[in-house]
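Source file query_25.pdb; content: PDB, C-alpha atoms and all ligand atoms.
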ATOM      1  CA  MET A   1      -5.432 -46.365 -16.695
ATOM      2  CA  LYS A   2      -2.173 -44.434 -16.677
ATOM      3  CA  ILE A   3      -3.634 -41.959 -19.124
ATOM      4  CA  ARG A   4      -6.756 -41.580 -16.969
ATOM      5  CA  LEU A   5      -4.643 -40.940 -13.865
ATOM      6  CA  LYS A   6      -2.596 -38.392 -15.782
ATOM      7  CA  LEU A   7      -5.795 -36.705 -16.922
ATOM      8  CA  LEU A   8      -7.141 -36.667 -13.364
ATOM      9  CA  SER A   9      -3.981 -35.102 -11.956
ATOM     10  CA  TYR A  10      -4.016 -32.543 -14.779
ATOM     11  CA  ILE A  11      -7.629 -31.619 -13.953
ATOM     12  CA  LEU A  12      -6.730 -31.296 -10.246
ATOM     13  CA  ALA A  13      -3.713 -29.144 -11.048
ATOM     14  CA  MET A  14      -5.826 -26.873 -13.255
ATOM     15  CA  ALA A  15      -8.465 -26.612 -10.528
ATOM     16  CA  SER A  16      -5.854 -25.494  -8.024
ATOM     17  CA  ILE A  17      -4.528 -22.883 -10.460
ATOM     18  CA  VAL A  18      -8.055 -21.560 -11.026
ATOM     19  CA  CYS A  19      -8.462 -21.442  -7.258
ATOM     20  CA  LEU A  20      -5.206 -19.528  -6.854
ATOM     21  CA  ASN A  21      -6.467 -16.820  -9.155
ATOM     22  CA  GLY A  22     -10.160 -16.876  -8.381
ATOM     23  CA  CYS A  23     -10.332 -17.687  -4.651
ATOM     24  CA  ASN A  24      -9.587 -15.283  -1.880
ATOM     25  CA  MET A  25      -6.616 -17.258  -0.693
ATOM     26  CA  GLN A  26      -3.270 -18.172  -2.188
ATOM     27  CA  THR A  27      -0.990 -20.807  -0.666
ATOM     28  CA  THR A  28       2.454 -21.823  -1.829
ATOM     29  CA  GLY A  29       5.099 -24.040  -0.259
ATOM     30  CA  ASP A  30       5.402 -27.480   1.273
ATOM     31  CA  GLU A  31       3.214 -29.016   3.903
ATOM     32  CA  GLY A  32       5.155 -29.477   7.141
ATOM     33  CA  ALA A  33       7.167 -26.350   6.437
ATOM     34  CA  MET A  34       7.228 -23.231   8.597
ATOM     35  CA  ASP A  35       3.826 -21.569   8.157
ATOM     36  CA  ILE A  36       3.493 -17.851   7.473
ATOM     37  CA  GLY A  37      -0.069 -16.484   7.463
ATOM     38  CA  VAL A  38      -0.492 -13.212   5.601
ATOM     39  CA  ALA A  39      -3.686 -11.147   5.909
ATOM     40  CA  ILE A  40      -4.045  -8.410   3.276
ATOM     41  CA  TYR A  41      -6.678  -5.671   3.802
ATOM     42  CA  LYS A  42      -8.027  -6.116   0.286
ATOM     43  CA  PHE A  43      -6.676  -7.922  -2.794
ATOM     44  CA  ASP A  44      -8.307  -5.341  -5.072
ATOM     45  CA  ASP A  45      -5.684  -2.630  -4.431
ATOM     46  CA  ASN A  46      -2.985  -1.960  -7.060
ATOM     47  CA  PHE A  47      -0.187  -1.312  -4.603
ATOM     48  CA  MET A  48      -1.017  -4.133  -2.192
ATOM     49  CA  THR A  49      -1.204  -6.545  -5.151
ATOM     50  CA  LEU A  50       2.401  -5.741  -6.071
ATOM     51  CA  TYR A  51       3.324  -5.956  -2.402
ATOM     52  CA  ARG A  52       1.785  -9.391  -1.793
ATOM     53  CA  ASN A  53       3.299 -10.794  -4.983
ATOM     54  CA  ALA A  54       6.741  -9.513  -3.911
ATOM     55  CA  LEU A  55       6.216 -11.073  -0.495
ATOM     56  CA  GLU A  56       5.225 -14.435  -1.937
ATOM     57  CA  ASN A  57       8.151 -14.416  -4.387
ATOM     58  CA  TYR A  58      10.603 -13.645  -1.611
ATOM     59  CA  VAL A  59       9.308 -16.452   0.622
ATOM     60  CA  ASN A  60       9.588 -18.850  -2.326
ATOM     61  CA  GLU A  61      13.136 -17.672  -2.987
ATOM     62  CA  LEU A  62      14.096 -18.260   0.652
ATOM     63  CA  SER A  63      12.373 -21.625   0.593
ATOM     64  CA  LYS A  64      15.034 -23.168  -1.595
ATOM     65  CA  GLY A  65      17.610 -25.507  -0.087
ATOM     66  CA  ASP A  66      17.190 -26.901   3.423
ATOM     67  CA  LYS A  67      14.754 -24.164   4.519
ATOM     68  CA  ALA A  68      11.078 -24.782   3.855
ATOM     69  CA  TYR A  69       8.426 -22.094   4.248
ATOM     70  CA  ARG A  70       4.773 -22.110   3.375
ATOM     71  CA  VAL A  71       2.885 -18.859   2.856
ATOM     72  CA  THR A  72      -0.892 -18.491   2.877
ATOM     73  CA  ILE A  73      -2.243 -15.100   1.813
ATOM     74  CA  VAL A  74      -5.878 -14.171   2.483
ATOM     75  CA  ASP A  75      -8.095 -11.335   1.230
ATOM     76  CA  GLY A  76      -9.816  -9.252   3.941
ATOM     77  CA  LYS A  77     -12.026  -7.659   1.238
ATOM     78  CA  GLY A  78     -11.912  -4.337   3.067
ATOM     79  CA  ASP A  79     -13.929  -5.816   5.948
ATOM     80  CA  GLN A  80     -12.348  -5.852   9.425
ATOM     81  CA  ALA A  81     -14.746  -8.516  10.752
ATOM     82  CA  GLU A  82     -13.744 -10.806   7.877
ATOM     83  CA  GLN A  83     -10.057 -10.165   8.526
ATOM     84  CA  THR A  84     -10.413 -10.807  12.255
ATOM     85  CA  ASN A  85     -12.000 -14.195  11.405
ATOM     86  CA  GLN A  86      -9.091 -14.940   9.098
ATOM     87  CA  ILE A  87      -6.659 -14.188  11.925
ATOM     88  CA  ASP A  88      -8.671 -16.542  14.173
ATOM     89  CA  THR A  89      -8.335 -19.238  11.505
ATOM     90  CA  PHE A  90      -4.571 -18.699  11.234
ATOM     91  CA  ILE A  91      -4.355 -19.052  15.021
ATOM     92  CA  ALA A  92      -6.547 -22.183  15.029
ATOM     93  CA  ASN A  93      -4.303 -23.656  12.308
ATOM     94  CA  LYS A  94      -1.257 -22.855  14.479
ATOM     95  CA  VAL A  95       0.688 -20.872  11.899
ATOM     96  CA  ASP A  96       4.173 -19.911  13.095
ATOM     97  CA  VAL A  97       3.862 -16.188  12.417
ATOM     98  CA  ILE A  98       1.292 -13.712  11.072
ATOM     99  CA  ILE A  99       1.957 -10.762   8.762
ATOM    100  CA  CYS A 100      -1.008  -8.420   8.885
ATOM    101  CA  ASN A 101      -2.060  -5.504   6.686
ATOM    102  CA  LEU A 102      -4.928  -4.267   8.856
ATOM    103  CA  VAL A 103      -8.236  -3.225   7.348
ATOM    104  CA  GLN A 104      -8.640  -0.737  10.204
ATOM    105  CA  ALA A 105      -5.553   0.373  12.082
ATOM    106  CA  SER A 106      -7.792   0.829  15.142
ATOM    107  CA  SER A 107      -8.199  -2.976  15.340
ATOM    108  CA  ALA A 108      -4.504  -3.549  16.032
ATOM    109  CA  ALA A 109      -4.991  -4.003  19.796
ATOM    110  CA  THR A 110      -7.609  -6.754  19.306
ATOM    111  CA  ILE A 111      -5.374  -8.629  16.862
ATOM    112  CA  ILE A 112      -2.322  -8.253  19.126
ATOM    113  CA  GLN A 113      -4.225  -9.649  22.136
ATOM    114  CA  LYS A 114      -5.332 -12.678  20.100
ATOM    115  CA  CYS A 115      -1.794 -13.360  18.864
ATOM    116  CA  LYS A 116      -0.337 -12.799  22.320
ATOM    117  CA  SER A 117      -2.742 -15.358  23.856
ATOM    118  CA  ALA A 118      -1.647 -17.893  21.217
ATOM    119  CA  ASN A 119       2.025 -16.805  21.429
ATOM    120  CA  ILE A 120       2.191 -16.229  17.666
ATOM    121  CA  PRO A 121       4.296 -13.183  16.680
ATOM    122  CA  VAL A 122       2.568 -10.611  14.488
ATOM    123  CA  ILE A 123       4.216  -8.212  12.049
ATOM    124  CA  PHE A 124       2.044  -5.354  10.811
ATOM    125  CA  ILE A 125       2.675  -3.936   7.376
ATOM    126  CA  ASN A 126       1.501  -0.902   5.372
ATOM    127  CA  ARG A 127      -1.116   0.390   7.854
ATOM    128  CA  GLU A 128       0.663   1.615  10.922
ATOM    129  CA  PRO A 129      -0.767   0.873  14.379
ATOM    130  CA  THR A 130      -0.236   3.431  17.162
ATOM    131  CA  ALA A 131       2.934   3.282  19.297
ATOM    132  CA  GLU A 132       0.656   2.475  22.235
ATOM    133  CA  ASP A 133      -0.681  -0.630  20.454
ATOM    134  CA  LEU A 134       2.794  -1.746  19.356
ATOM    135  CA  ALA A 135       3.891  -1.541  22.995
ATOM    136  CA  LEU A 136       1.299  -4.156  24.016
ATOM    137  CA  TRP A 137       3.653  -7.097  23.404
ATOM    138  CA  ASP A 138       7.312  -7.633  22.536
ATOM    139  CA  ARG A 139       6.613 -10.057  19.653
ATOM    140  CA  VAL A 140       4.897  -7.308  17.618
ATOM    141  CA  SER A 141       6.463  -5.044  15.032
ATOM    142  CA  TYR A 142       5.571  -2.633  12.231
ATOM    143  CA  VAL A 143       7.357  -2.678   8.880
ATOM    144  CA  GLY A 144       6.503   0.236   6.607
ATOM    145  CA  ALA A 145       7.483   3.670   5.498
ATOM    146  CA  ASP A 146       7.090   7.107   7.064
ATOM    147  CA  ALA A 147       4.160   8.656   5.208
ATOM    148  CA  ARG A 148       5.225  12.140   6.352
ATOM    149  CA  GLN A 149       8.253  11.744   4.083
ATOM    150  CA  SER A 150       6.134  10.848   1.036
ATOM    151  CA  GLY A 151       3.914  13.903   1.583
ATOM    152  CA  LYS A 152       6.969  16.125   2.000
ATOM    153  CA  PHE A 153       8.461  14.759  -1.246
ATOM    154  CA  GLN A 154       5.205  15.433  -3.123
ATOM    155  CA  GLY A 155       5.230  19.046  -1.911
ATOM    156  CA  GLU A 156       8.906  19.430  -2.805
ATOM    157  CA  ILE A 157       8.339  18.082  -6.325
ATOM    158  CA  ILE A 158       5.763  20.839  -6.852
ATOM    159  CA  ALA A 159       7.916  23.520  -5.154
ATOM    160  CA  GLU A 160      10.793  22.564  -7.465
ATOM    161  CA  THR A 161       8.808  23.169 -10.684
ATOM    162  CA  GLU A 162       9.638  26.220 -12.824
ATOM    163  CA  THR A 163       6.636  28.182 -11.522
ATOM    164  CA  LYS A 164       6.971  26.845  -7.934
ATOM    165  CA  GLY A 165       3.541  25.285  -8.351
ATOM    166  CA  ASP A 166       1.785  28.482  -9.422
ATOM    167  CA  ILE A 167       1.312  27.458 -13.042
ATOM    168  CA  ASN A 168      -1.538  29.927 -13.694
ATOM    169  CA  GLY A 169       0.523  32.767 -12.211
ATOM    170  CA  ASP A 170      -2.155  34.193  -9.901
ATOM    171  CA  GLY A 171       0.197  34.349  -6.898
ATOM    172  CA  VAL A 172      -1.160  31.361  -4.972
ATOM    173  CA  VAL A 173      -0.916  27.583  -5.436
ATOM    174  CA  SER A 174      -4.542  26.465  -5.616
ATOM    175  CA  TYR A 175      -4.868  22.733  -5.255
ATOM    176  CA  VAL A 176      -7.164  19.739  -5.310
ATOM    177  CA  MET A 177      -6.472  16.949  -2.792
ATOM    178  CA  ILE A 178      -7.692  13.426  -3.590
ATOM    179  CA  THR A 179      -7.188  11.317  -0.470
ATOM    180  CA  GLY A 180      -7.030   7.652   0.505
ATOM    181  CA  ASP A 181      -9.353   6.471   3.245
ATOM    182  CA  PRO A 182      -9.063   8.988   6.084
ATOM    183  CA  GLU A 183      -8.521   6.364   8.814
ATOM    184  CA  ASN A 184      -5.196   5.438   7.199
ATOM    185  CA  VAL A 185      -2.224   7.446   8.490
ATOM    186  CA  ASP A 186      -0.677   7.345   5.005
ATOM    187  CA  ALA A 187      -3.633   9.407   3.769
ATOM    188  CA  GLN A 188      -3.555  11.776   6.747
ATOM    189  CA  TYR A 189       0.172  12.442   6.592
ATOM    190  CA  ARG A 190       0.423  12.736   2.803
ATOM    191  CA  THR A 191      -2.395  15.271   2.817
ATOM    192  CA  GLU A 192      -0.845  17.312   5.593
ATOM    193  CA  PHE A 193       2.854  17.129   4.744
ATOM    194  CA  SER A 194       2.584  17.804   0.997
ATOM    195  CA  ILE A 195       1.057  21.203   1.730
ATOM    196  CA  LYS A 196       3.355  21.825   4.690
ATOM    197  CA  ALA A 197       6.390  21.371   2.379
ATOM    198  CA  LEU A 198       5.048  24.097   0.092
ATOM    199  CA  ASN A 199       4.280  26.426   2.998
ATOM    200  CA  ASP A 200       7.701  25.736   4.549
ATOM    201  CA  ALA A 201       9.221  26.848   1.242
ATOM    202  CA  GLY A 202       7.357  30.151   1.651
ATOM    203  CA  ILE A 203       4.723  29.290  -0.942
ATOM    204  CA  GLN A 204       1.139  30.388  -0.318
ATOM    205  CA  THR A 205      -1.508  27.704  -0.877
ATOM    206  CA  LYS A 206      -5.284  27.529  -1.195
ATOM    207  CA  GLU A 207      -7.338  24.340  -0.963
ATOM    208  CA  LEU A 208     -10.152  24.272  -3.515
ATOM    209  CA  PHE A 209     -11.365  20.707  -3.135
ATOM    210  CA  ASN A 210     -10.600  17.781  -0.797
ATOM    211  CA  GLN A 211     -12.406  14.464  -1.208
ATOM    212  CA  ARG A 212     -11.724  10.823  -0.357
ATOM    213  CA  GLY A 213     -10.995   8.568  -3.318
ATOM    214  CA  ASP A 214     -10.207   5.532  -1.145
ATOM    215  CA  TRP A 215      -7.010   4.739  -3.093
ATOM    216  CA  ALA A 216      -8.976   3.688  -6.215
ATOM    217  CA  GLN A 217      -8.370   4.735  -9.823
ATOM    218  CA  GLU A 218     -12.052   5.186 -10.783
ATOM    219  CA  ARG A 219     -12.628   7.431  -7.770
ATOM    220  CA  GLY A 220      -9.545   9.461  -8.686
ATOM    221  CA  GLN A 221     -10.977   9.969 -12.147
ATOM    222  CA  GLU A 222     -14.491  10.896 -11.013
ATOM    223  CA  LEU A 223     -13.338  13.307  -8.335
ATOM    224  CA  THR A 224     -10.787  15.029 -10.561
ATOM    225  CA  ALA A 225     -13.416  15.414 -13.296
ATOM    226  CA  THR A 226     -15.756  17.056 -10.750
ATOM    227  CA  ALA A 227     -13.014  19.339  -9.433
ATOM    228  CA  LEU A 228     -11.977  20.372 -12.958
ATOM    229  CA  ALA A 229     -15.595  21.101 -13.884
ATOM    230  CA  ASN A 230     -16.067  23.243 -10.751
ATOM    231  CA  PHE A 231     -12.772  25.114 -10.547
ATOM    232  CA  GLY A 232     -11.314  24.969 -14.085
ATOM    233  CA  SER A 233      -8.202  27.078 -14.650
ATOM    234  CA  GLU A 234      -8.073  28.162 -11.011
ATOM    235  CA  ILE A 235      -6.502  24.757 -10.243
ATOM    236  CA  ASP A 236      -2.689  24.654 -10.270
ATOM    237  CA  VAL A 237      -2.080  21.221  -8.754
ATOM    238  CA  ILE A 238      -3.842  17.903  -8.302
ATOM    239  CA  PHE A 239      -2.353  16.043  -5.337
ATOM    240  CA  CYS A 240      -3.292  12.366  -5.099
ATOM    241  CA  ASN A 241      -2.413  10.353  -2.003
ATOM    242  CA  ASN A 242      -1.455   7.444  -4.293
ATOM    243  CA  ASP A 243      -0.715   6.625  -7.941
ATOM    244  CA  ALA A 244      -3.855   4.583  -8.601
ATOM    245  CA  MET A 245      -5.919   7.732  -8.009
ATOM    246  CA  ALA A 246      -3.359   9.794  -9.973
ATOM    247  CA  LEU A 247      -3.817   7.472 -12.974
ATOM    248  CA  GLY A 248      -7.537   8.229 -12.796
ATOM    249  CA  ALA A 249      -6.803  11.951 -12.374
ATOM    250  CA  SER A 250      -4.581  11.837 -15.462
ATOM    251  CA  GLN A 251      -7.486  10.443 -17.519
ATOM    252  CA  ALA A 252      -9.785  13.212 -16.255
ATOM    253  CA  ILE A 253      -7.159  15.887 -16.984
ATOM    254  CA  THR A 254      -6.810  14.685 -20.588
ATOM    255  CA  ALA A 255     -10.592  14.462 -20.994
ATOM    256  CA  ALA A 256     -10.934  18.077 -19.770
ATOM    257  CA  GLY A 257      -8.402  19.246 -22.383
ATOM    258  CA  ARG A 258      -5.804  20.264 -19.795
ATOM    259  CA  THR A 259      -2.074  19.521 -20.180
ATOM    260  CA  VAL A 260       0.216  18.526 -17.329
ATOM    261  CA  GLY A 261       3.332  20.708 -17.225
ATOM    262  CA  LYS A 262       1.643  23.386 -19.352
ATOM    263  CA  ASP A 263      -1.436  24.408 -17.386
ATOM    264  CA  ILE A 264      -1.645  22.004 -14.413
ATOM    265  CA  TYR A 265       0.554  19.762 -12.231
ATOM    266  CA  LEU A 266      -0.186  16.229 -11.027
ATOM    267  CA  VAL A 267       1.590  14.153  -8.359
ATOM    268  CA  GLY A 268       0.999  10.737  -6.793
ATOM    269  CA  VAL A 269       2.789   8.244  -4.535
ATOM    270  CA  ASP A 270       3.910   4.598  -5.078
ATOM    271  CA  ALA A 271       5.778   4.757  -8.415
ATOM    272  CA  LEU A 272       3.528   2.152 -10.034
ATOM    273  CA  GLU A 273       4.933   1.227 -13.441
ATOM    274  CA  GLU A 274       2.066   3.001 -15.243
ATOM    275  CA  ALA A 275       2.709   6.159 -13.210
ATOM    276  CA  GLN A 276       6.427   6.023 -13.977
ATOM    277  CA  SER A 277       5.586   5.911 -17.701
ATOM    278  CA  LEU A 278       3.338   8.963 -17.279
ATOM    279  CA  VAL A 279       6.154  10.818 -15.489
ATOM    280  CA  GLU A 280       8.513   9.818 -18.290
ATOM    281  CA  SER A 281       6.138  11.151 -20.971
ATOM    282  CA  GLY A 282       5.399  14.331 -18.977
ATOM    283  CA  LYS A 283       1.768  13.435 -18.198
ATOM    284  CA  MET A 284       2.507  13.372 -14.473
ATOM    285  CA  THR A 285       4.774  15.899 -12.749
ATOM    286  CA  GLY A 286       6.156  13.281 -10.413
ATOM    287  CA  THR A 287       5.569  10.444  -7.999
ATOM    288  CA  VAL A 288       7.274   8.991  -4.929
ATOM    289  CA  LEU A 289       8.589   5.436  -4.796
ATOM    290  CA  ASN A 290       6.888   3.430  -2.059
ATOM    291  CA  ASP A 291       9.323   0.528  -2.077
ATOM    292  CA  HIS A 292       7.024  -2.497  -1.832
ATOM    293  CA  VAL A 293       9.828  -4.963  -2.638
ATOM    294  CA  ALA A 294      12.088  -3.719   0.184
ATOM    295  CA  GLN A 295       9.103  -3.566   2.559
ATOM    296  CA  ALA A 296       7.954  -7.100   1.674
ATOM    297  CA  LYS A 297      11.455  -8.518   2.177
ATOM    298  CA  LYS A 298      11.908  -6.728   5.477
ATOM    299  CA  ALA A 299       8.509  -7.922   6.707
ATOM    300  CA  VAL A 300       9.428 -11.550   5.955
ATOM    301  CA  ASP A 301      12.915 -11.206   7.483
ATOM    302  CA  VAL A 302      11.468  -9.707  10.670
ATOM    303  CA  ALA A 303       8.758 -12.400  10.783
ATOM    304  CA  LEU A 304      11.359 -15.179  10.541
ATOM    305  CA  GLN A 305      13.514 -13.478  13.148
ATOM    306  CA  ALA A 306      10.511 -13.305  15.480
ATOM    307  CA  VAL A 307       9.800 -17.037  14.981
ATOM    308  CA  ASP A 308      13.430 -17.803  15.841
ATOM    309  CA  GLY A 309      12.860 -15.997  19.129
ATOM    310  CA  GLY A 310      15.172 -13.141  18.165
ATOM    311  CA  MET A 311      14.670  -9.589  19.437
ATOM    312  CA  ILE A 312      12.589  -7.469  17.094
ATOM    313  CA  GLU A 313      12.291  -3.691  16.950
ATOM    314  CA  LYS A 314       8.949  -1.884  17.190
ATOM    315  CA  ASN A 315       9.394  -0.133  13.824
ATOM    316  CA  TYR A 316      11.292  -0.803  10.619
ATOM    317  CA  THR A 317      11.145   2.086   8.164
ATOM    318  CA  ILE A 318      11.995   1.978   4.467
ATOM    319  CA  ASP A 319      12.776   5.329   2.808
ATOM    320  CA  TYR A 320      10.605   6.803   0.058
ATOM    321  CA  VAL A 321      12.336   8.120  -3.086
ATOM    322  CA  LYS A 322      11.346  11.157  -5.203
ATOM    323  CA  ILE A 323      10.671  10.343  -8.862
ATOM    324  CA  THR A 324      10.610  13.069 -11.519
ATOM    325  CA  LYS A 325      11.473  13.096 -15.202
TER
HETATM  326  C1  LIG B   1      -0.297   3.054  -0.820
HETATM  327  C2  LIG B   1      -1.628   2.961  -1.502
HETATM  328  C3  LIG B   1      -2.403   1.783  -0.981
HETATM  329  C4  LIG B   1      -2.502   1.857   0.541
HETATM  330  C5  LIG B   1      -3.206   0.662   1.116
HETATM  331  C6  LIG B   1      -0.503   3.081   0.672
HETATM  332  O1  LIG B   1       0.757   3.102   1.299
HETATM  333  O2  LIG B   1       0.372   4.216  -1.221
HETATM  334  O3  LIG B   1      -1.464   2.825  -2.887
HETATM  335  O4  LIG B   1      -3.695   1.784  -1.552
HETATM  336  O5  LIG B   1      -1.212   1.939   1.070
HETATM  337  O6  LIG B   1      -3.268   0.742   2.504
END
Just give me the structure of the file as structure tokens.
Ligand code: BGC
Amino acid sequence: MKIRLKLLSYILAMASIVCLNGCNMQTTGDEGAMDIGVAIYKFDDNFMTLYRNALENYVNELSKGDKAYRVTIVDGKGDQAEQTNQIDTFIANKVDVIICNLVQASSAATIIQKCKSANIPVIFINREPTAEDLALWDRVSYVGADARQSGKFQGEIIAETETKGDINGDGVVSYVMITGDPENVDAQYRTEFSIKALNDAGIQTKELFNQRGDWAQERGQELTATALANFGSEIDVIFCNNDAMALGASQAITAAGRTVGKDIYLVGVDALEEAQSLVESGKMTGTVLNDHVAQAKKAVDVALQAVDGGMIEKNYTIDYVKITK
């Protein structure tokens, strides 16, 4: 009997592990503890995967001792309607606080109104709502980074190269821009401010190609391959709004027989471990650290402060950091 019970509990434990990895929801912590509902725009995103793991680890760390927290993280699968339902479920389950990585920043007002009606504080992360939306309620905040800074750092990394970005020496920095989804301010600002930094340094630029890669590695590879096939040695720089797309771009650059640092430059943002290795080995010119650990910790700290009824600011900004060899 004892053996059978042991077997049964083993099977149940295994089932819950399988569910943790295979389902679109992960919950850790004790029942009866303070409940934190976390809505992520899509689990299938390299950067947001690191971010949500850091967030979960931090809550678990804090949960030791006399403080008990339970975190439930759900996958919006890139679908705002799905995410809005998930927020409704969090509200119906009376979670204490919601941390939300919006699918569409334009849905912030709807989510804020729902949380306000239920008096559940909401902390937005990663995808910044407008100042107007953040002003809708005092138990709302945004924890993130200023994407203008990451774009500026990308431009500066290129301006600081030996040839000031003009690796083919034709007098102008001709570039390819691979963007995230255009609704996201991170994509808008990185695109704009990377080029502005070059122009502010007195460097002339020419855009050859600008396409959305939606933050994904495969898209980064496909688009870079197309750009290289169309513009060849005219291209000086490939700017990618994030590292996942830069990893794809790096594959396409190698496949086209081009060499970073010798006949082309490549920059991303995030400082994913794989990208840092490419910077180290010279296969990427640089990247910009998007500090997911600091952002995740801040988001949780602000969420707990909001639950305690403490005053919270509208914006908490974590600095980006330039990464070159
Ligand atoms: C990151 C991207 C990520 C996006 C998701 C950005 O800040 O740099 O890697 O895909 O956030 O919204």
Taking all atoms of ligand LIG 1 (chain B) that appear in the file, build a box with edges along x, y and z, extend it by 4 Å on every side, and state its centre and edge lengths in Å to one decimal, as AutoDock Vina command-line options.
--center_x -1.5 --center_y 2.4 --center_z -0.2 --size_x 12.5 --size_y 11.6 --size_z 13.4
Q: List all protein, DNA and RNA residues that have an atom no more than 10 Å from any atom of ligand LIG 1 (chain B), counting only C-alpha atoms and all ligand atoms, and report them as number ranges by chain.
A: A: 40-42, 44-51, 101-105, 125-128, 144-147, 150, 180-181, 183-187, 190, 214-217, 240-245, 268-272, 288-292
Q: Take the point (4.3, 26.1, 2.1) as written in the file and pick out every residue within 12 Å of it, counting only C-alpha atoms; give the list as JSON, numbers by chain.
A: {"A": [152, 154, 155, 156, 158, 159, 164, 165, 172, 173, 174, 192, 193, 194, 195, 196, 197, 198, 199, 200, 201, 202, 203, 204, 205, 206]}
Could the residues in this selection be saved with C-alpha atoms as an mmCIF file, keeping the file's coordinate frame?
data_model
loop_
_atom_site.group_PDB
_atom_site.id
_atom_site.type_symbol
_atom_site.label_atom_id
_atom_site.label_comp_id
_atom_site.auth_asym_id
_atom_site.auth_seq_id
_atom_site.Cartn_x
_atom_site.Cartn_y
_atom_site.Cartn_z
ATOM 1 C CA LYS A 152 6.969 16.125 2.000
ATOM 2 C CA GLN A 154 5.205 15.433 -3.123
ATOM 3 C CA GLY A 155 5.230 19.046 -1.911
ATOM 4 C CA GLU A 156 8.906 19.430 -2.805
ATOM 5 C CA ILE A 158 5.763 20.839 -6.852
ATOM 6 C CA ALA A 159 7.916 23.520 -5.154
ATOM 7 C CA LYS A 164 6.971 26.845 -7.934
ATOM 8 C CA GLY A 165 3.541 25.285 -8.351
ATOM 9 C CA VAL A 172 -1.160 31.361 -4.972
ATOM 10 C CA VAL A 173 -0.916 27.583 -5.436
ATOM 11 C CA SER A 174 -4.542 26.465 -5.616
ATOM 12 C CA GLU A 192 -0.845 17.312 5.593
ATOM 13 C CA PHE A 193 2.854 17.129 4.744
ATOM 14 C CA SER A 194 2.584 17.804 0.997
ATOM 15 C CA ILE A 195 1.057 21.203 1.730
ATOM 16 C CA LYS A 196 3.355 21.825 4.690
ATOM 17 C CA ALA A 197 6.390 21.371 2.379
ATOM 18 C CA LEU A 198 5.048 24.097 0.092
ATOM 19 C CA ASN A 199 4.280 26.426 2.998
ATOM 20 C CA ASP A 200 7.701 25.736 4.549
ATOM 21 C CA ALA A 201 9.221 26.848 1.242
ATOM 22 C CA GLY A 202 7.357 30.151 1.651
ATOM 23 C CA ILE A 203 4.723 29.290 -0.942
ATOM 24 C CA GLN A 204 1.139 30.388 -0.318
ATOM 25 C CA THR A 205 -1.508 27.704 -0.877
ATOM 26 C CA LYS A 206 -5.284 27.529 -1.195
#
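Checking A:Val237, A:Ile264, A:Val302, A:Leu208 one by one against Val97 of chain A, counting all atoms listed in the file, you find the shortest gap at A:Val302.
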(Q) For the PyMOL selection byres (((chain A and resi 325) around 8) and not hetatm), applied here, can you spell out every residue it catches as a list in words? (A)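 Residues picked by the PyMOL selection byres (((chain A and resi 325) around 8) and not hetatm): Val279, Glu280, Gly282, Thr285, Gly286, Ile323 and Thr324 of chain A.
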Do you know which residues the PyMOL selection byres (((chain A and resi 316) around 6) and not hetatm) returns on this file, as an mmCIF file with C-alpha atoms, in the frame of the given file?
data_model
loop_
_atom_site.group_PDB
_atom_site.id
_atom_site.type_symbol
_atom_site.label_atom_id
_atom_site.label_comp_id
_atom_site.auth_asym_id
_atom_site.auth_seq_id
_atom_site.Cartn_x
_atom_site.Cartn_y
_atom_site.Cartn_z
ATOM 1 C CA VAL A 143 7.357 -2.678 8.880
ATOM 2 C CA ASN A 315 9.394 -0.133 13.824
ATOM 3 C CA THR A 317 11.145 2.086 8.164
#
Q. Could you state the separation of atom CA of Gln149 of chain A and atom CA of Gln295 of chain A in Å, given to one decimal place?
A.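 Interatomic distance, atom CA of Gln149 of chain A to atom CA of Gln295 of chain A: 15.4 Å.
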Render segment 109-117 of chain A from the structure in the preceding block as a file of N, CA and C atoms, as a short mmCIF file (atom, residue, chain, number, x, y, z; two decimals), in the first residue's frame.
data_model
loop_
_atom_site.label_atom_id
_atom_site.label_comp_id
_atom_site.auth_asym_id
_atom_site.auth_seq_id
_atom_site.Cartn_x
_atom_site.Cartn_y
_atom_site.Cartn_z
N ALA A 109 -4.95 50.99 -21.13
CA ALA A 109 -6.07 51.67 -20.48
C ALA A 109 -7.16 50.67 -20.06
N THR A 110 -7.46 49.73 -20.95
CA THR A 110 -8.48 48.70 -20.65
C THR A 110 -8.07 47.90 -19.42
N ILE A 111 -6.80 47.48 -19.39
CA ILE A 111 -6.32 46.65 -18.27
C ILE A 111 -6.35 47.47 -16.97
N ILE A 112 -5.94 48.74 -17.08
CA ILE A 112 -5.91 49.59 -15.87
C ILE A 112 -7.33 49.75 -15.31
N GLN A 113 -8.30 49.98 -16.20
CA GLN A 113 -9.69 50.16 -15.72
C GLN A 113 -10.18 48.92 -15.00
N LYS A 114 -9.85 47.74 -15.55
CA LYS A 114 -10.27 46.48 -14.92
C LYS A 114 -9.65 46.34 -13.53
N CYS A 115 -8.35 46.63 -13.44
CA CYS A 115 -7.65 46.48 -12.16
C CYS A 115 -8.15 47.51 -11.15
N LYS A 116 -8.42 48.72 -11.67
CA LYS A 116 -8.91 49.79 -10.79
C LYS A 116 -10.27 49.39 -10.19
N SER A 117 -11.17 48.85 -11.04
CA SER A 117 -12.49 48.44 -10.53
C SER A 117 -12.35 47.38 -9.45
#
